[in-house]
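Here is data20.cif, consisting of mmCIF, C-alpha atoms and all ligand atoms:
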```
data_my_file
loop_
_atom_site.label_atom_id
_atom_site.label_comp_id
_atom_site.auth_asym_id
_atom_site.auth_seq_id
_atom_site.Cartn_x
_atom_site.Cartn_y
_atom_site.Cartn_z
CA MET H 2 85.43 91.39 130.12
CA LYS H 3 88.34 90.89 127.73
CA LYS H 4 88.75 87.75 125.62
CA VAL H 5 92.11 86.45 124.51
CA HIS H 6 92.54 84.18 121.49
CA ILE H 7 95.56 81.92 121.93
CA LEU H 8 96.34 80.12 118.67
CA LEU H 9 97.23 76.43 118.87
CA LYS H 10 99.80 76.84 116.12
CA GLN H 11 102.17 79.75 116.59
CA HIS H 12 105.27 77.91 115.40
CA ILE H 13 106.77 75.72 112.70
CA GLY H 14 105.59 72.12 113.09
CA ASN H 15 102.40 70.46 114.25
CA ILE H 16 99.41 72.12 115.85
CA SER H 17 99.56 71.74 119.65
CA THR H 18 97.08 69.52 121.49
CA PRO H 19 94.76 71.31 123.93
CA ILE H 20 94.67 69.85 127.45
CA VAL H 21 91.90 72.09 128.80
CA LYS H 22 88.18 72.02 128.01
CA VAL H 23 85.43 74.60 127.72
CA GLY H 24 84.39 75.81 131.18
CA ASP H 25 87.80 75.17 132.78
CA LYS H 26 89.26 77.89 134.97
CA VAL H 27 92.88 78.56 133.98
CA GLN H 28 95.61 80.57 135.58
CA LYS H 29 98.17 82.86 134.03
CA GLY H 30 101.14 80.74 132.95
CA GLN H 31 99.21 77.44 133.06
CA LEU H 32 99.94 74.91 130.32
CA ILE H 33 96.87 74.76 128.05
CA ALA H 34 98.21 72.85 125.03
CA GLN H 35 101.05 70.38 124.60
CA ALA H 36 103.56 70.09 121.78
CA TYR H 37 102.86 67.21 119.42
CA GLY H 38 106.03 65.97 117.68
CA LEU H 39 107.85 68.99 116.25
CA GLY H 40 106.03 71.87 117.95
CA ALA H 41 105.75 73.88 121.12
CA ASN H 42 103.85 73.95 124.41
CA ILE H 43 101.35 76.76 124.82
CA HIS H 44 100.48 78.48 128.10
CA SER H 45 97.71 80.86 129.09
CA SER H 46 98.71 84.52 129.15
CA VAL H 47 95.83 85.40 131.51
CA SER H 48 93.79 83.97 134.36
CA GLY H 49 90.20 83.31 133.32
CA THR H 50 87.72 80.80 131.92
CA VAL H 51 88.01 78.79 128.71
CA ILE H 52 84.94 79.63 126.58
CA ALA H 53 85.77 77.96 123.24
CA ILE H 54 88.36 75.70 121.63
CA ASN H 55 88.88 75.19 117.89
CA ASN H 56 92.18 76.13 116.28
CA GLU H 57 92.63 78.47 119.22
CA VAL H 58 91.81 78.49 122.92
CA ILE H 59 89.54 81.44 123.69
CA ILE H 60 89.73 82.58 127.29
CA GLU H 61 87.51 85.12 128.99
CA ALA H 62 90.01 86.97 131.14
CA ALA H 63 89.17 87.60 134.80
CA GLU H 64 88.62 91.24 135.71
CA LYS H 65 91.57 91.22 138.10
CA GLN H 66 94.77 89.74 136.69
CA PRO H 67 97.55 88.45 138.97
CA LYS H 68 101.07 89.84 138.61
CA ASP H 69 102.56 86.38 139.06
CA TYR H 70 102.31 83.39 136.78
CA ILE H 71 102.34 79.63 137.31
CA LYS H 72 106.04 78.79 137.30
CA LEU H 73 107.53 76.06 135.12
CA LYS H 74 108.53 72.82 136.82
CA LYS H 75 112.23 72.53 137.67
CA MET H 76 113.87 70.25 135.11
CA ASP H 77 117.29 68.59 135.00
CA THR H 78 118.61 70.49 132.00
CA LYS H 79 118.33 73.96 130.53
CA LEU H 80 117.18 72.48 127.23
CA GLU H 81 114.26 70.78 129.01
CA MET H 82 113.31 74.14 130.56
CA ILE H 83 113.29 75.72 127.09
CA LYS H 84 111.10 72.94 125.75
CA GLN H 85 108.73 73.14 128.68
CA ALA H 86 108.46 76.94 128.29
CA GLY H 87 107.34 76.59 124.65
CA ILE H 88 110.08 78.85 123.30
CA VAL H 89 110.14 79.31 119.53
CA GLY H 90 112.10 81.70 117.29
CA ALA H 91 110.58 85.06 118.22
CA GLY H 92 111.99 86.88 115.18
CA GLY H 93 109.20 85.54 112.99
CA ALA H 94 110.30 82.06 111.97
CA GLY H 95 108.78 80.30 115.00
CA PHE H 96 111.09 77.27 114.86
CA PRO H 97 111.07 75.37 118.20
CA THR H 98 114.16 76.56 120.09
CA ASP H 99 114.75 73.31 122.01
CA VAL H 100 115.18 71.50 118.68
CA LYS H 101 117.52 74.16 117.26
CA PHE H 102 119.62 74.33 120.44
CA ALA H 103 119.94 70.54 120.68
CA SER H 104 122.51 70.69 117.86
CA ASP H 105 126.09 70.04 118.90
CA ILE H 106 128.25 73.04 117.92
CA THR H 107 131.25 72.33 120.15
CA ASN H 108 133.92 74.85 119.10
CA GLY H 109 131.30 76.62 117.02
CA VAL H 110 129.55 79.92 117.48
CA VAL H 111 126.12 80.98 118.64
CA ILE H 112 125.07 84.19 116.91
CA ILE H 113 122.46 86.50 118.38
CA ASN H 114 120.60 88.16 115.53
CA ALA H 115 120.13 91.78 116.55
CA ALA H 116 119.78 93.04 112.96
CA GLU H 117 116.12 94.02 113.40
CA CYS H 118 116.41 94.53 109.67
CA GLU H 119 112.81 95.28 108.68
CA PRO H 120 112.41 99.06 108.71
CA LEU H 121 110.28 100.56 111.53
CA LEU H 122 110.83 97.72 114.04
CA HIS H 123 112.61 98.81 117.23
CA HIS H 124 111.69 96.41 120.06
CA ASN H 125 114.83 94.21 119.87
CA ILE H 126 117.25 97.14 120.00
CA LYS H 127 115.27 98.93 122.72
CA TYR H 128 115.31 95.70 124.74
CA ILE H 129 119.12 95.45 124.48
CA GLU H 130 119.46 99.13 125.45
CA GLU H 131 117.22 98.85 128.51
CA ASN H 132 117.76 95.25 129.66
CA THR H 133 121.40 94.63 128.84
CA GLU H 134 122.15 92.59 131.93
CA GLU H 135 119.26 90.19 131.36
CA PHE H 136 120.20 89.89 127.69
CA VAL H 137 123.78 88.94 128.55
CA LYS H 138 122.55 86.31 131.04
CA GLY H 139 120.52 84.77 128.20
CA ILE H 140 123.58 84.71 125.94
CA VAL H 141 125.62 82.95 128.65
CA HIS H 142 122.89 80.27 128.83
CA ALA H 143 122.95 79.93 125.03
CA ILE H 144 126.72 79.32 125.08
CA ASP H 145 126.35 76.81 127.89
CA ILE H 146 123.54 74.85 126.22
CA THR H 147 125.14 74.66 122.76
CA LYS H 148 128.74 74.23 124.05
CA ALA H 149 129.73 76.92 121.58
CA LYS H 150 133.22 78.37 121.95
CA GLN H 151 131.98 81.86 121.29
CA ALA H 152 128.88 84.04 121.02
CA TYR H 153 128.58 86.97 118.61
CA VAL H 154 125.93 89.64 118.82
CA ALA H 155 125.27 90.69 115.20
CA ILE H 156 124.16 94.31 115.17
CA LYS H 157 124.24 97.37 112.89
CA THR H 158 126.66 100.19 113.82
CA LYS H 159 123.82 102.73 113.82
CA HIS H 160 122.48 101.26 117.09
CA LYS H 161 125.06 103.10 119.16
CA ASN H 162 123.33 103.09 122.56
CA ALA H 163 122.69 99.36 122.43
CA ILE H 164 126.31 98.74 121.39
CA ILE H 165 127.71 100.96 124.18
CA ASN H 166 125.53 99.36 126.87
CA LEU H 167 126.37 95.88 125.65
CA ALA H 168 130.11 96.59 125.35
CA LYS H 169 130.14 97.74 129.01
CA LYS H 170 128.44 94.55 130.20
CA ILE H 171 130.61 92.12 128.25
CA LYS H 172 134.01 93.74 128.71
CA MET H 173 134.98 91.08 131.27
CA ILE H 174 133.43 88.19 129.32
CA ASP H 175 135.92 86.80 126.81
CA ASN H 176 133.58 84.60 124.81
CA ILE H 177 130.91 87.18 123.92
CA LYS H 178 131.79 89.66 121.16
CA ILE H 179 129.94 92.32 119.18
CA LYS H 180 130.08 91.97 115.39
CA PHE H 181 128.79 94.49 112.90
CA LEU H 182 126.31 93.98 110.10
CA PRO H 183 125.84 96.22 107.04
CA ASP H 184 122.79 98.47 107.15
CA ILE H 185 121.02 96.68 104.31
CA TYR H 186 117.83 94.74 103.90
CA PRO H 187 117.86 91.75 104.52
CA ALA H 188 120.83 91.92 106.93
CA GLY H 189 118.91 89.69 109.35
CA ASP H 190 118.67 86.78 106.94
CA GLU H 191 120.57 83.85 108.50
CA ARG H 192 122.68 83.28 105.40
CA VAL H 193 123.61 86.99 105.23
CA ILE H 194 124.66 86.90 108.89
CA ILE H 195 126.79 83.78 108.37
CA ARG H 196 128.37 85.34 105.27
CA GLU H 197 129.11 88.67 106.96
CA LEU H 198 130.35 87.31 110.31
CA LEU H 199 132.01 84.01 109.41
CA GLY H 200 132.80 84.45 105.71
CA VAL H 201 131.01 81.19 104.91
CA ILE H 202 128.68 81.14 101.88
CA LEU H 203 125.69 78.90 102.49
CA ASN H 204 123.76 77.66 99.47
CA PRO H 205 119.99 78.21 99.33
CA GLY H 206 118.37 75.72 101.71
CA GLU H 207 121.54 75.20 103.79
CA LEU H 208 121.31 76.02 107.49
CA PRO H 209 123.84 77.81 109.76
CA ILE H 210 124.71 74.45 111.37
CA LYS H 211 126.71 73.72 108.20
CA ALA H 212 129.02 76.55 109.38
CA ASN H 213 128.99 75.09 112.93
CA ALA H 214 126.76 77.94 114.04
CA ILE H 215 123.32 78.57 115.50
CA VAL H 216 121.55 81.87 114.90
CA SER H 217 118.97 83.03 117.43
CA ASN H 218 116.88 86.20 117.75
CA VAL H 219 117.28 88.70 120.63
CA GLU H 220 113.83 88.02 122.09
CA THR H 221 114.38 84.27 121.93
CA ILE H 222 117.48 84.80 124.11
CA LYS H 223 115.37 86.89 126.50
CA ASN H 224 112.83 84.04 126.70
CA ILE H 225 115.64 81.53 127.37
CA LYS H 226 116.87 83.61 130.29
CA ARG H 227 113.37 83.92 131.71
CA ALA H 228 112.59 80.20 131.33
CA ILE H 229 115.80 79.19 133.10
CA ASN H 230 116.17 81.88 135.77
CA ASP H 231 112.55 82.87 136.37
CA ARG H 232 110.83 79.58 135.33
CA LYS H 233 108.61 81.67 133.06
CA PRO H 234 106.77 80.19 130.08
CA VAL H 235 106.31 82.19 126.86
CA ILE H 236 103.13 84.14 127.58
CA THR H 237 104.14 87.58 126.31
CA LYS H 238 105.59 89.21 123.20
CA ASP H 239 107.51 92.43 122.53
CA ILE H 240 106.03 94.49 119.68
CA THR H 241 106.47 97.75 117.74
CA VAL H 242 103.32 99.67 116.76
CA GLY H 243 103.34 102.48 114.19
CA GLY H 244 102.14 103.86 110.88
CA LYS H 245 99.23 106.21 110.31
CA LEU H 246 98.00 106.79 113.84
CA LYS H 247 95.99 109.70 115.27
CA SER H 248 98.93 110.38 117.57
CA GLY H 249 101.37 110.87 114.69
CA THR H 250 103.67 108.59 112.76
CA SER H 251 106.40 107.61 115.21
CA GLU H 252 106.68 104.02 116.41
CA THR H 253 105.98 102.87 119.97
CA VAL H 254 107.52 99.78 121.56
CA TYR H 255 105.54 97.67 124.02
CA PHE H 256 107.33 95.01 126.05
CA ASP H 257 105.68 91.89 127.47
CA VAL H 258 102.30 92.15 125.74
CA PRO H 259 100.06 89.18 126.67
CA ILE H 260 99.84 86.66 123.82
CA GLY H 261 96.30 86.33 122.47
CA VAL H 262 95.28 89.97 122.96
CA ASN H 263 94.04 91.53 119.71
CA VAL H 264 96.27 93.94 117.80
CA GLY H 265 93.54 96.60 117.85
CA GLU H 266 94.03 97.07 121.58
CA TYR H 267 97.65 98.09 120.98
CA ILE H 268 96.83 100.27 117.95
CA ASP H 269 94.44 102.13 120.25
CA LYS H 270 97.03 102.30 123.04
CA ALA H 271 99.51 103.81 120.55
CA GLY H 272 97.05 106.55 119.61
CA GLY H 273 94.38 104.87 117.49
CA LYS H 274 94.04 104.42 113.75
CA SER H 275 94.00 107.70 111.85
CA PRO H 276 90.97 108.31 109.57
CA TRP H 277 93.57 108.32 106.77
CA GLY H 278 94.86 104.92 107.79
CA GLU H 279 93.71 101.85 105.88
CA GLU H 280 95.42 98.47 105.98
CA ILE H 281 96.57 96.89 109.23
CA LEU H 282 99.85 95.12 108.57
CA ILE H 283 101.08 92.40 110.94
CA GLY H 284 104.87 92.02 110.81
CA GLY H 285 107.45 94.18 109.07
CA PRO H 286 106.79 96.29 105.95
CA PHE H 287 108.59 93.79 103.67
CA THR H 288 107.28 90.44 104.87
CA GLY H 289 104.20 91.37 106.90
CA VAL H 290 100.69 90.16 106.11
CA SER H 291 97.39 91.99 106.27
CA GLY H 292 95.29 91.59 109.39
CA ASP H 293 92.52 93.41 111.20
CA TYR H 294 91.71 94.80 114.65
CA ASN H 295 90.85 91.30 115.91
CA THR H 296 94.04 89.55 114.80
CA PRO H 297 95.57 87.99 117.93
CA ILE H 298 99.18 88.60 118.97
CA THR H 299 101.26 85.41 118.80
CA LYS H 300 104.75 84.27 119.83
CA THR H 301 106.09 85.63 116.51
CA THR H 302 104.19 88.91 116.08
CA GLY H 303 106.78 91.70 115.77
CA GLY H 304 105.20 94.74 114.17
CA ILE H 305 101.71 96.19 113.93
CA PHE H 306 101.41 99.02 111.40
CA VAL H 307 98.62 101.07 109.91
CA GLY H 308 99.21 101.87 106.22
CA ILE H 309 97.84 104.87 104.36
CA GLU H 310 94.97 104.48 101.90
CA PHE H 311 96.01 102.58 98.79
CA PRO H 312 96.13 104.76 95.70
CA GLN H 313 93.55 103.64 93.14
CA ILE H 314 95.51 102.55 90.07
CA LYS H 315 93.25 100.63 87.71
CA LYS H 316 96.02 99.33 85.51
CA LYS H 317 97.38 95.98 84.34
CA PHE H 318 100.13 94.99 86.78
CA GLY H 319 103.24 92.85 86.54
CA LEU H 320 104.73 91.52 89.79
CA ILE H 321 108.38 90.94 90.79
CA GLU H 322 108.79 88.57 93.73
CA CYS H 323 111.77 88.40 96.11
CA GLU H 324 112.44 85.73 98.74
CA CYS H 325 112.93 88.40 101.40
CA GLY H 326 110.04 90.57 100.26
CA ALA H 327 106.37 90.17 99.57
CA THR H 328 105.13 86.88 98.09
CA ALA H 329 103.13 86.77 94.86
CA ASP H 330 99.97 86.26 96.96
CA ARG H 331 100.71 89.37 99.00
CA LEU H 332 101.60 91.43 95.91
CA THR H 333 98.35 90.28 94.26
CA GLU H 334 96.40 91.34 97.34
CA ILE H 335 97.95 94.82 97.16
CA VAL H 336 97.20 95.13 93.43
CA GLU H 337 93.57 94.20 94.09
CA LYS H 338 93.35 96.76 96.88
CA MET H 339 94.59 99.36 94.38
CA GLY H 340 91.87 98.33 91.92
CA GLY H 341 94.38 96.88 89.44
CA GLU H 342 94.66 93.53 87.68
CA VAL H 343 97.65 91.14 87.72
CA VAL H 344 98.61 90.13 84.18
CA ALA H 345 102.12 88.69 84.72
CA VAL H 346 104.39 87.45 87.53
CA GLN H 347 108.20 87.21 87.55
CA ARG H 348 110.66 86.35 90.27
CA CYS H 349 113.98 88.03 90.93
CA LYS H 350 116.42 86.10 88.77
CA ARG H 351 118.42 85.02 91.83
CA MET H 352 115.49 82.94 93.11
CA LYS H 353 116.07 79.23 92.50
CA LEU H 354 113.82 76.25 93.22
CA VAL H 355 115.29 74.25 96.14
CA ASN H 356 113.29 71.41 97.72
CA GLY H 357 110.04 72.72 96.26
CA ARG H 358 110.55 76.31 97.41
CA TYR H 359 112.03 79.30 95.60
CA ARG H 360 115.02 80.62 97.50
CA CYS H 361 117.43 83.48 96.98
CA GLU H 362 120.97 82.58 95.90
CA LYS H 363 122.59 85.68 97.42
CA PRO H 364 120.32 87.55 99.82
CA GLY H 365 121.13 91.26 99.87
CA VAL H 366 123.41 91.04 96.81
CA CYS H 367 120.60 91.97 94.48
CA PRO H 368 120.91 91.96 90.69
CA GLY H 369 119.56 94.42 88.16
CA GLN H 370 116.02 93.61 87.07
CA ALA H 371 116.00 95.28 83.65
CA SER H 372 115.29 92.04 81.74
CA THR H 373 112.49 91.19 84.22
CA VAL H 374 110.88 94.58 83.64
CA ILE H 375 111.08 94.09 79.86
CA LYS H 376 109.43 90.62 80.17
CA LEU H 377 106.59 92.06 82.24
CA LYS H 378 106.09 94.92 79.76
CA THR H 379 105.99 92.36 76.92
CA ASP H 380 103.32 90.43 78.84
CA GLY H 381 101.12 93.52 78.94
CA ALA H 382 102.06 95.17 82.24
CA GLU H 383 101.32 98.90 82.40
CA ALA H 384 102.57 99.09 85.99
CA ILE H 385 104.88 96.98 88.16
CA LEU H 386 104.59 96.13 91.83
CA THR H 387 107.80 94.77 93.28
CA GLY H 388 108.72 93.13 96.56
CA THR H 389 112.47 93.43 95.99
CA TRP H 390 114.54 96.14 97.54
CA GLN H 391 118.29 96.77 97.27
CA ASP H 392 118.74 97.43 93.59
CA TRP H 393 115.24 97.87 92.34
CA THR H 394 115.53 101.59 92.89
CA ASN H 395 118.58 101.73 90.65
CA THR H 396 117.58 99.38 87.89
CA VAL H 397 113.82 98.94 87.87
CA MET H 398 113.31 102.62 88.59
CA LYS H 399 115.57 103.62 85.68
CA VAL H 400 114.24 101.13 83.16
CA ALA H 401 110.52 101.12 83.90
CA PRO H 402 109.76 104.82 83.23
CA ARG H 403 111.64 104.63 79.93
CA LEU H 404 109.28 101.83 78.91
CA GLY H 405 106.29 103.86 80.05
CA VAL H 406 105.66 101.49 82.99
CA LYS H 407 104.66 102.87 86.39
CA ILE H 408 106.58 101.29 89.29
CA LEU H 409 105.44 100.77 92.88
CA HIS H 410 106.84 98.90 95.88
CA SER H 411 104.93 96.65 98.25
CA THR H 412 106.14 98.64 101.28
CA ASP H 413 105.10 102.06 99.93
CA HIS H 414 101.82 102.42 101.84
CA VAL H 415 103.47 101.55 105.18
CA LEU H 416 106.78 103.40 104.80
CA ARG H 417 104.95 106.44 103.45
CA ALA H 418 102.57 106.33 106.42
CA SER H 419 105.64 106.58 108.64
CA ASP H 420 107.56 109.13 106.53
CA HIS H 421 110.38 106.60 106.47
CA LYS H 422 113.47 107.52 104.47
CA LEU H 423 113.31 104.26 102.53
CA TYR H 424 110.11 105.38 100.87
CA ARG H 425 110.76 106.74 97.40
CA LYS H 426 108.21 108.29 95.11
CA SER H 427 107.82 106.04 92.10
CA ASP H 428 107.24 108.73 89.53
S1 LIG H 501 118.83 88.82 95.23
FE1 LIG H 501 116.69 88.95 94.56
S2 LIG H 501 115.57 87.46 95.81
FE2 LIG H 501 117.54 87.85 96.78
S3 LIG H 501 117.16 89.50 98.30
FE3 LIG H 501 117.86 90.47 96.39
S4 LIG H 501 115.98 90.97 95.26
FE4 LIG H 501 115.44 89.46 96.82
#
```
Would you mind writing the file's structure down as structure tokens?
Ligand code: SF4
Amino acid sequence: MKKVHILLKQHIGNISTPIVKVGDKVQKGQLIAQAYGLGANIHSSVSGTVIAINNEVIIEAAEKQPKDYIKLKKMDTKLEMIKQAGIVGAGGAGFPTDVKFASDITNGVVIINAAECEPLLHHNIKYIEENTEEFVKGIVHAIDITKAKQAYVAIKTKHKNAIINLAKKIKMIDNIKIKFLPDIYPAGDERVIIRELLGVILNPGELPIKANAIVSNVETIKNIKRAINDRKPVITKDITVGGKLKSGTSETVYFDVPIGVNVGEYIDKAGGKSPWGEEILIGGPFTGVSGDYNTPITKTTGGIFVGIEFPQIKKKFGLIECECGATADRLTEIVEKMGGEVVAVQRCKRMKLVNGRYRCEKPGVCPGQASTVIKLKTDGAEAILTGTWQDWTNTVMKVAPRLGVKILHSTDHVLRASDHKLYRKSD
């Protein structure tokens, strides 16, 4: 019998309070934990029996699962339905959607983030292609709730089928428009989207509301539609699985995966981990974190990838951090897996301390890093691992070899596993 592990904190804010106890029988869609302050309700993704509660509710799933789910109660407002459903930003941030959508943006714009900007992820675009009508219904709700004058779907021109399908569905709807994003990383960053679509430059730490806008992910819009029209709580997640699999290296999209199921089940469904596969990465290649077969799927899990074996490089490493790339902790983890030692850490020079957190001044407008490379070399680095992207290939790659420093990128083992064009040999 299958167990699901439903985390009590899958969002920004406080851990949710369980309202079931060990031994309780629960049904699919039943509320099992309530939001506490800033947070989100949590519902069971299966019918079964609660067998343990700590920072997660572990449920032994019944052999036979119902197709239907316990429907949400009818509420007076759409915002209350969203809150009851436990919707949070599905793109990875996990911010409670009822709080974000409570902002008044009369005459403003609600922007649907369809950038899917981490390489290898495909589930948002595939959803738009195959479920255009449902997607548009969600956008109409978003306009209604926020009182926005207009909705923009922010998408890259390369996603032609999604654009064509969407254009057909919205041709009679005046207040929904398609807007194009550059094909860069991190095009999906909220401040990049606001800059590209509205021409407003937000400072580090400033939110889209300053530009009278709300930015929301594609799957969040899908969940809004389902909460309002189908009275469905958030009990599933769309995911992309790929990397070094026995079945090959192409990615597979799975829609409506029950939350709490372990990622290993979907790696196996997609073909199984290749003997040459090593790390399991949860999330996108740039910002993902390492996990294992038993890591549970949450409301914000997007990608599940198997990386190739780490090369063994027993050198002294310098790190270059980027706000939109791997953190110093993640870079250190990769260095250790390669058998190296971290001797120095630098941040991209555009990262500034704002309210206790380092943030990028101009996401996607990346500077040269020559001086950073020289500092790391001076501090004893024989090799550099970087989490930055746009310009590191032009500057770091040119400077580092001249200084006799080997250069690697935090995404190498995943992009290489997938033969992705963004992977570049370091030397
Ligand atoms: S400017 Fe620096 S911190 Fe910002 S996205 Fe580019 S590399 Fe990262």
Each stretch 245-318 of chain H residue no farther than 12 Å from stretch 209-226 of chain H, nearest pair in Å, all atoms listed in the file, as JSON lines:
```
{"residue": "H:Phe256", "atom": "CA", "partner": "H:Glu220", "partner_atom": "CA", "distance": 10.3}
{"residue": "H:Asp257", "atom": "CA", "partner": "H:Glu220", "partner_atom": "CA", "distance": 10.5}
{"residue": "H:Lys300", "atom": "CA", "partner": "H:Thr221", "partner_atom": "CA", "distance": 9.9}
{"residue": "H:Thr301", "atom": "CA", "partner": "H:Glu220", "partner_atom": "CA", "distance": 9.8}
{"residue": "H:Thr302", "atom": "CA", "partner": "H:Glu220", "partner_atom": "CA", "distance": 11.4}
{"residue": "H:Gly303", "atom": "CA", "partner": "H:Glu220", "partner_atom": "CA", "distance": 10.2}
```
Keeping only C-alpha atoms, take the residues you just selected and write them out as a short mmCIF file (atom, residue, chain, number, x, y, z; two decimals), keeping the file's coordinate frame.
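result.cif was written with the following content:
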```
data_model
loop_
_atom_site.label_atom_id
_atom_site.label_comp_id
_atom_site.auth_asym_id
_atom_site.auth_seq_id
_atom_site.Cartn_x
_atom_site.Cartn_y
_atom_site.Cartn_z
CA PHE H 256 107.33 95.01 126.05
CA ASP H 257 105.68 91.89 127.47
CA LYS H 300 104.75 84.27 119.83
CA THR H 301 106.09 85.63 116.51
CA THR H 302 104.19 88.91 116.08
CA GLY H 303 106.78 91.70 115.77
#
```
Nearest candidate to H:Ile298 (options H:Val254, H:Val406, H:Ile236, H:Ile164; using only C-alpha atoms):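 Smallest separation from H:Ile298 among the options: H:Ile236.
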Let me have all residues with an atom within 6 Å of ligand LIG 501 (chain H), counting all atoms listed in the file, laid out as a list in words.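 So, counting all atoms listed in the file, the residues near ligand LIG 501 (chain H) are Cys323, Glu324, Cys325, Cys349, Arg351, Met352, Cys361, Lys363, Pro364, Gly365, Val366, Cys367, Pro368, Thr389 and Trp390 of chain H.
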Quick one: pull the distance between atom CA of H:Thr299 and atom CA of H:Lys4, Å, one decimal.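 Atom CA of H:Lys4 lies at a distance of 14.4 Å from atom CA of H:Thr299.
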Counting all atoms listed in the file, closest pick from H:Val346, H:Lys101, H:His414, H:Arg331 relative to H:Glu279 is H:His414
